[in-house]
2 protein chains.
Amino acid sequence: MEKKDNIIRSFEKDPINWYTDIVSKAELMIYGPTKGTMYLRPYALSIWNLIVKNLTKEFEKNGVEEVKFPLIFPKSLLDKEKKHIEGFAPEVLVITQIGDKKLNDFNVIRPTSEMLFSDYFKKTIKTYNQLPIKLNQWVNVMRWENNTRPFLRNSEFYWQEGHTVHNDEDEAKSFALKIHQIYSNFINKALLLPIISGEKSLNERFAGAINSFTQEAILKDGQALQIATSHYLGNSFAKSIDFKIQNSKNKYVFPFQTSWGTSTRLIGGIIMTHSDNKGLLLPSKIAPFQIVIIPIKNQQNSEKIEIFLNNTFAKLKRNFRIKIDDSNNSFGYRMNNWEIKGVPIIIEIGIKEVLNQNLILKLRSEEDKKSININQFNSKVISNYLKDYDQKIQKKALNNFLNRKIWINDLKDLKTKILQKKVVFCYWIEDSKLENKIKIETGATIRLIYKEKKLATAINKNQQTDQVAIFARAY
Amino acid sequence: MEKKDNIIRSFEKDPINWYTDIVSKAELMIYGPTKGTMYLRPYALSIWNLIVKNLTKEFEKNGVEEVKFPLIFPKSLLDKEKKHIEGFAPEVLVITQIGDKKLNDFNVIRPTSEMLFSDYFKKTIKTYNQLPIKLNQWVNVMRWENNTRPFLRNSEFYWQEGHTVHNDEDEAKSFALKIHQIYSNFINKALLLPIISGEKSLNERFAGAINSFTQEAILKDGQALQIATSHYLGNSFAKSIDFKIQNSKNKYVFPFQTSWGTSTRLIGGIIMTHSDNKGLLLPSKIAPFQIVIIPIKNQQNSEKIEIFLNNTFAKLKRNFRIKIDDSNNSFGYRMNNWEIKGVPIIIEIGIKEVLNQNLILKLRSEEDKKSININQFNSKVISNYLKDYDQKIQKKALNNFLNRKIWINDLKDLKTKILQKKVVFCYWIEDSKLENKIKIETGATIRLIYKEKKLATAINKNQQTDQVAIFARAY
């Protein structure tokens, strides 16, 4: 019985503390002793493990195999790809000592593992008929951050990084796009997050990539969150370490690579999209418990309640993740605890319910409780409730996005709209200098670029284009 | 189609290269760029994931919840428990820089996480009625090693570390023993390794523990491998950071802790126990594929073979991990490849088998092939084959252990027996000095101490005791 102060500050009045209250009171994490690190608590880890399981299934369908590669590697290896090292050098953690003894060769903790995978590929792939090779690992990575926020920006985070090698350019590029699609489906359909999808501008591209495709969630506060990316790397990494294979004509050529990743930021995205002032609301597909049953204790009738409870539990445990909370905490405490934790369905069972053969059911997405006869209570009914619940929270999130979304056709409007926390769509011709200037002036960056079906005049040049840039502030 | 030199050097003539050949030719790993690190390849990771899955199930049954805690923490935190820091300081990796910028507070990569868990417990547990708390994490840890061997001694390895907190001493100690039992069951029944079980001597105890219980595998070469340990920590860690809780009488007291772990060493133990001069032999419970079907290609009859193949596959895929290897490699190459990888059952299907409605089946534990009519071929038959296979490899391993095991009652015999690569049992009175002397002279350490039912005279003191020490060389 943990004493808990259950007050969550208001999103509207104090969004920063609202977020902090939710991550701590839903018992997702507490801060680690080193800046930007987290103790991920059991509830957060259950969510993460469900994400891992679902995505792994999708990757496997596409021939991806799982590996685990080293946490650290010599700094000299990171230095080999020039753009890559420029991108990561300032935030990489460097190991210089074992105990008090200085190391001759400094090592770094992986900020990402393109160089390691390329090294592995070079050592194990000799000819074209070994390709394609598709590998993925679920691991932790570290990038030192000055401004950290749990799940949104951490020095240590958990992710998957996939790395593939292909004989030809087209195959590699379409595989990167295939994964881009897998991410989009999962984030949309399982996590119920409204996302924008497209390609990164030159300025925002992954260090070393030719194309970076991104999925960005648009959060409750109007900020964007880069949540999953897949990169077509061409052969820049292969060239940096002279990784060649024998092709079908017995010539030695550089193969083509991709890399792609998504991380515990997904949890940050879920919190910042679906939560309200009472706490979390978890999409049913990744809720550790889809249903929690709270018995209302009553000493006189405890046996009757017990039987009814166990029957109800037995009916549902095969098809749902379900928990009975019969801890010694008060009914109010337990109710509140599972509401903060965003359980989709809470069921109350007391002696009145037993006598009436009824259940009281509360959807986290609604204010009212429903009374349901036990005979009408089956997996199909519950499935439908979960479907309704998911649709409701998805719709709410989508409405927020649509309210934020705005088209402009005059560059002058950009700053105003960004200050109004809008997500700004505009026709745009690539211009890195102007993009930088806008970033400095407004704090907004181009989150991604995509192609519209019809042409229009770019807002930054008197020229027709089908390219649309989306500007927003981002975490 | 990977070209592969399939020759494995002989265990009897060249045990070191025999081991190296197996780990590389069974495609378990290649060396990482930093000493003592590994690229764990898909086949090794499949084995590891099966180990993780099986053990997690056992832990969950005992109320253990999963977490992920930080990879790094301030060096000052490690320094707080004196024995603990003495034990780990020389091998701990120290982060002193971010990019080229010196850090004010040095951080270490976790060599183990007692200090982190204690810190977390202190921050989240206030009163006795929150206890017991049982947590576990599956993560990587690092300890710098000078002599490294894949899976047996690595600078980076993967493990689980469990940490629990209890109100009283007895409960904590029995929980440590409960986990000790879970390890022993799993290692014996799933991995089929002969193990010795007991408690560590004072010299060999975990840095900071009161009791260290250990499971040690006795390998093919007569060396011991510490493979799983569980520690009763008392409240030494709680005291080191002043972690107190309110007990039922409203007094502030130090609670009692345990920690316990097992690692990718289990894979090293499997290799060093069950392999022969043709490669691995994997216990069926953790074999990524329990059955591999190799079709013998034949252009004229490819369709008939295909149908027969798919029927056979369909019959078995529900109950077994099964793969059809229809790659373009030669029959001999494919056969050899799966033998090296230690697949329990290989099935050949060619046109002759299709016409006779027969399958040719080869158990990795036997030389001969069997011919079985397709009508007799069902899940029960296959289950029995796997059972036979497991029993056979377990018996072989056990025999090796029994051949190595020897009792002595004269201290003078110890060195000779150790040189003969024996595992030496003797009645023993704890004596750390003598134990050290023996270590220097023979290379052997006390792997563990246990109690026999009857008393006898200790070999190191003219005194009756029920305590038996087991001496062996160890990895």
# chains A, B, ... in the order shown; residues from 1 in each chain; ligands from 1

$ closest_atom_pairs --of "chain B" --to "chain A" --cutoff "8 Å" --atoms "only C-alpha atoms" --output "tab-separated table"
residue	atom	partner	partner_atom	distance
B:Met1	CA	A:Gln130	CA	5.6
B:Glu2	CA	A:Gln130	CA	6.3
B:Gly32	CA	A:Pro70	CA	6.5
B:Pro33	CA	A:Phe73	CA	6.1
B:Thr34	CA	A:Phe73	CA	5.5
B:Thr37	CA	A:Pro70	CA	5.9
B:Met38	CA	A:Pro70	CA	6.0
B:Tyr39	CA	A:Phe69	CA	4.5
B:Leu40	CA	A:Lys68	CA	5.1
B:Arg41	CA	A:Val67	CA	5.3
B:Pro42	CA	A:Val67	CA	5.0
B:Leu45	CA	A:Val67	CA	5.7
B:Ser46	CA	A:Glu66	CA	7.6
B:Glu65	CA	A:Pro42	CA	6.0
B:Glu66	CA	A:Pro42	CA	5.4
B:Val67	CA	A:Pro42	CA	5.0
B:Lys68	CA	A:Leu40	CA	5.1
B:Phe69	CA	A:Tyr39	CA	4.5
B:Pro70	CA	A:Thr37	CA	5.9
B:Leu71	CA	A:Glu156	CA	7.6
B:Ile72	CA	A:Thr34	CA	7.2
B:Phe73	CA	A:Thr34	CA	5.5
B:Pro74	CA	A:Thr34	CA	6.3
B:Ala89	CA	A:Gly99	CA	5.4
B:Pro90	CA	A:Gly99	CA	4.8
B:Glu91	CA	A:Gly99	CA	5.9
B:Val92	CA	A:Gly99	CA	5.3
B:Leu93	CA	A:Ile98	CA	4.7
B:Val94	CA	A:Gln97	CA	5.1
B:Ile95	CA	A:Ile95	CA	4.3
B:Thr96	CA	A:Ile95	CA	6.3
B:Gln97	CA	A:Val94	CA	5.1
B:Ile98	CA	A:Leu93	CA	4.7
B:Gly99	CA	A:Pro90	CA	4.8
B:Asp100	CA	A:Pro90	CA	7.5
B:Asn107	CA	A:Thr34	CA	7.9
B:Tyr120	CA	A:Tyr39	CA	7.4
B:Lys126	CA	A:Glu2	CA	7.9
B:Thr127	CA	A:Glu2	CA	7.9
B:Asn129	CA	A:Met1	CA	5.8
B:Gln130	CA	A:Met1	CA	5.5
B:Trp144	CA	A:Ile98	CA	7.0
B:Glu156	CA	A:Pro70	CA	7.4

$ residues_around --residues "A:Ala224" --least-positions-apart "2" --cutoff "12 Å" --atoms "only C-alpha atoms" --output "VMD selection string"
chain A and resid 152 193 to 197 214 to 222 226 to 227 265 268 to 269 272 to 273 401 404 to 405 418 421 to 424 443 to 448 470 to 475

$ write_last_selection --atoms "C-alpha atoms" --output "mmCIF file, in the first residue's frame"
data_model
loop_
_atom_site.group_PDB
_atom_site.id
_atom_site.type_symbol
_atom_site.label_atom_id
_atom_site.label_comp_id
_atom_site.auth_asym_id
_atom_site.auth_seq_id
_atom_site.Cartn_x
_atom_site.Cartn_y
_atom_site.Cartn_z
ATOM 1 C CA LEU A 152 10.951 12.598 -25.027
ATOM 2 C CA LEU A 193 -1.226 8.623 -32.760
ATOM 3 C CA PRO A 194 -1.905 11.169 -35.494
ATOM 4 C CA ILE A 195 1.292 11.387 -37.503
ATOM 5 C CA ILE A 196 2.715 13.208 -40.458
ATOM 6 C CA SER A 197 4.962 11.190 -42.794
ATOM 7 C CA THR A 214 10.352 10.179 -40.860
ATOM 8 C CA GLN A 215 7.174 9.647 -38.879
ATOM 9 C CA GLU A 216 6.340 12.588 -36.651
ATOM 10 C CA ALA A 217 3.624 12.638 -34.055
ATOM 11 C CA ILE A 218 1.771 15.892 -33.501
ATOM 12 C CA LEU A 219 1.325 16.154 -29.763
ATOM 13 C CA LYS A 220 -1.346 17.690 -27.538
ATOM 14 C CA ASP A 221 0.721 20.893 -27.237
ATOM 15 C CA GLY A 222 1.172 21.284 -30.995
ATOM 16 C CA GLN A 226 10.228 12.623 -34.492
ATOM 17 C CA ILE A 227 9.209 9.128 -33.544
ATOM 18 C CA ARG A 265 9.989 8.029 -27.507
ATOM 19 C CA GLY A 268 6.502 9.820 -24.764
ATOM 20 C CA GLY A 269 4.296 10.230 -27.814
ATOM 21 C CA MET A 272 1.730 13.553 -24.803
ATOM 22 C CA THR A 273 -1.147 12.589 -27.089
ATOM 23 C CA PHE A 401 -4.023 17.633 -34.899
ATOM 24 C CA ARG A 404 -3.324 22.652 -35.180
ATOM 25 C CA LYS A 405 -2.918 22.113 -38.883
ATOM 26 C CA ILE A 418 4.208 28.956 -34.970
ATOM 27 C CA LYS A 421 1.386 26.520 -31.727
ATOM 28 C CA LYS A 422 0.162 25.583 -35.164
ATOM 29 C CA VAL A 423 1.569 22.957 -37.498
ATOM 30 C CA VAL A 424 2.254 24.882 -40.639
ATOM 31 C CA GLY A 443 12.182 27.860 -33.075
ATOM 32 C CA ALA A 444 10.426 25.878 -35.795
ATOM 33 C CA THR A 445 12.081 23.431 -38.157
ATOM 34 C CA ILE A 446 10.926 21.653 -41.278
ATOM 35 C CA ARG A 447 9.678 18.382 -39.824
ATOM 36 C CA LEU A 448 9.364 16.814 -43.224
ATOM 37 C CA ILE A 470 5.645 21.099 -42.703
ATOM 38 C CA PHE A 471 7.019 23.502 -40.117
ATOM 39 C CA ALA A 472 6.574 22.977 -36.382
ATOM 40 C CA ARG A 473 8.434 23.216 -33.136
ATOM 41 C CA ALA A 474 9.726 19.872 -32.040
ATOM 42 C CA TYR A 475 11.006 18.039 -28.982
#

$ atom_distance --atom1 "atom CA of A:Ser365" --atom2 "atom CA of A:Asn403"
20.2 Å

$ select_by_dssp --residues "stretch 145-332 of chain B" --states "strand (DSSP E)" --output "count of residues only"
55

$ select_by_dssp --residues "stretch 131-220 of chain B" --states "alpha helix (DSSP H)" --output "list in words"
Glu169, Asp170, Glu171, Ala172, Lys173, Ser174, Phe175, Ala176, Leu177, Lys178, Ile179, His180, Gln181, Ile182, Tyr183, Ser184 and Asn185 of chain B

$ write_last_selection --atoms "C-alpha atoms" --output "mmCIF file, in the first residue's frame"
data_model
loop_
_atom_site.group_PDB
_atom_site.id
_atom_site.type_symbol
_atom_site.label_atom_id
_atom_site.label_comp_id
_atom_site.auth_asym_id
_atom_site.auth_seq_id
_atom_site.Cartn_x
_atom_site.Cartn_y
_atom_site.Cartn_z
ATOM 1 C CA GLU B 169 15.993 -11.797 6.993
ATOM 2 C CA ASP B 170 14.523 -15.282 6.670
ATOM 3 C CA GLU B 171 12.208 -14.318 3.868
ATOM 4 C CA ALA B 172 15.071 -12.704 1.950
ATOM 5 C CA LYS B 173 17.386 -15.647 2.430
ATOM 6 C CA SER B 174 14.760 -18.171 1.367
ATOM 7 C CA PHE B 175 13.964 -16.130 -1.695
ATOM 8 C CA ALA B 176 17.634 -16.229 -2.703
ATOM 9 C CA LEU B 177 17.507 -19.995 -2.250
ATOM 10 C CA LYS B 178 14.252 -20.230 -4.206
ATOM 11 C CA ILE B 179 15.938 -18.577 -7.186
ATOM 12 C CA HIS B 180 18.984 -20.828 -6.674
ATOM 13 C CA GLN B 181 16.549 -23.736 -7.142
ATOM 14 C CA ILE B 182 14.971 -22.214 -10.256
ATOM 15 C CA TYR B 183 18.421 -21.867 -11.793
ATOM 16 C CA SER B 184 19.324 -25.431 -10.936
ATOM 17 C CA ASN B 185 16.108 -26.825 -12.459
#

$ closest_residue --among "B:Ile133, B:Leu202, B:Ile294, B:Lys362" --to "B:Phe256" --atoms "only C-alpha atoms"
B:Ile133

$ closest_residue --among "A:Thr442, A:Ser432, A:Gln394, A:Ser230" --to "A:Ala190" --atoms "only C-alpha atoms"
A:Gln394

$ residues_around --residues "stretch 298-305 of chain A" --least-positions-apart "5" --cutoff "7 Å" --atoms "only C-alpha atoms" --output "ChimeraX atom specification"
/A:350-351,354

$ closest_residue --among "B:Leu192, B:Leu309, B:Ala228, B:Met335" --to "B:Thr264" --atoms "only C-alpha atoms"
B:Ala228
